[in-house]
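A.B. asks: For reference, the structure I am asking about is given below.
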Amino acid sequence: MNEIEGLDLPRNCAHVTLCAFALTDCIVNIESQSAKYLRAVHRTALELAVPNLFGAEIGGFWLASAQIEQLRKLPDCYPANEINLVRRAVEVYLLAQTEELNWTEAHNSKPL
């Protein structure tokens, strides 16, 4: 077993990479200035999401790396004085969507 950041992992497992996640209902904690952009961020995420990425049995609307990259380009569609607010909304939205996947808290270790 290799020890990576306090986790005992099999020898052939150097790290874990998230390949996709399903969009879910979630609570997004964000300051009021960026909050007004959340509707546009969510709508864009749904438009970019791939339905049933892993088959109808699993279902859902999934964001993979390519869709996340596209979503992170959304701030470029806004005026210069709003770009940072939209960028913050996108990142906080992604964090809220993936919060349940936060293995680091469950294992009391640092991110891999």
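All residue names refer to the structure tokens as shown: chains lettered A, B, ... in order, residues numbered from 1 in each chain, ligands numbered from 1 in order.
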Could you list, as a list in words, every residue within 6 Å of region 56-65 of chain A, counting only C-alpha atoms and ignoring same-chain residues fewer than 5 positions away?

C.D. replies: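 The residues satisfying every condition are Cys19, Ala20, Phe21, Ala22, Leu23, Ala49, Val50 and Pro51 of chain A.
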
A.B. asks: For the residues in the current selection, export N, CA and C atoms as a CSV table (one decimal), in the first residue's frame.

C.D. replies:
chain,number,residue,atom,x,y,z
A,19,CYS,N,-14.3,12.3,-13.1
A,19,CYS,CA,-14.6,12.4,-14.6
A,19,CYS,C,-15.9,13.1,-14.9
A,20,ALA,N,-16.8,13.1,-14.0
A,20,ALA,CA,-18.1,13.7,-14.2
A,20,ALA,C,-18.9,13.7,-12.9
A,21,PHE,N,-19.9,14.5,-12.8
A,21,PHE,CA,-20.9,14.5,-11.7
A,21,PHE,C,-22.2,14.9,-12.2
A,22,ALA,N,-23.3,14.4,-11.6
A,22,ALA,CA,-24.6,14.7,-11.9
A,22,ALA,C,-25.1,15.9,-11.2
A,23,LEU,N,-25.8,16.8,-11.9
A,23,LEU,CA,-26.4,18.0,-11.3
A,23,LEU,C,-27.5,17.6,-10.4
A,49,ALA,N,-25.1,20.2,-19.8
A,49,ALA,CA,-25.1,18.9,-19.3
A,49,ALA,C,-25.5,17.8,-20.3
A,50,VAL,N,-24.9,16.7,-20.1
A,50,VAL,CA,-25.1,15.5,-21.0
A,50,VAL,C,-26.1,14.6,-20.2
A,51,PRO,N,-27.3,14.4,-20.8
A,51,PRO,CA,-28.3,13.5,-20.2
A,51,PRO,C,-27.9,12.1,-20.3

A.B. asks: Excluding Glu47 (chain A) and any residue of its chain fewer than 6 positions from it, enumerate the residues within 10 Å of it, using only C-alpha atoms, and give them as a list in words.

C.D. replies: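 So, after excluding close chain neighbours, the residues are Val41, Phe61, Gln67 and Leu71 of chain A.
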
A.B. asks: Which residues are near Val86 (chain A)? Cut-off 12 Å, only C-alpha atoms, ignore same chain within fewer than 6 positions. Put them as a list in words.

C.D. replies: Ile30, Glu31, Ser32, Gln33, Ser34, Ala35, Lys36, Tyr37, Leu38, Arg39, Ala40, Val41, His42, Leu71, Arg72, Lys73, Leu74, Pro75, Asp76, Cys77, Tyr78, Pro79, Ala80, Val92 and Tyr93 of chain A

A.B. asks: Expressed in Å to a single decimal, how great is the separation between CA of Asn84 (chain A) and CA of Cys26 (chain A)?

C.D. replies: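 CA of Asn84 (chain A) sits 22.4 Å away from CA of Cys26 (chain A).
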
A.B. asks: Running DSSP on the backbone, which parts of region 15-110 of chain A land in alpha helix (DSSP H), as a PyMOL selection string?

C.D. replies: chain A and resi 32-35+38-48+65-71+83-98+103-106

A.B. asks: What does the distance between CA of Thr24 (chain A) and CA of Glu82 (chain A) come to in Å, to one decimal place?

C.D. replies: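 Going from CA of Thr24 (chain A) over to CA of Glu82 (chain A), I get 26.3 Å.
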
A.B. asks: From a backbone DSSP assignment, name each residue in region 18-94 of chain A labelled strand (DSSP E), as a list in words.

C.D. replies: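 Strand (DSSP E) members of region 18-94 of chain A, listed: Ala20, Phe21, Ala22, Val50, Pro51, Phe61, Trp62, Leu63 and Ala64 of chain A.
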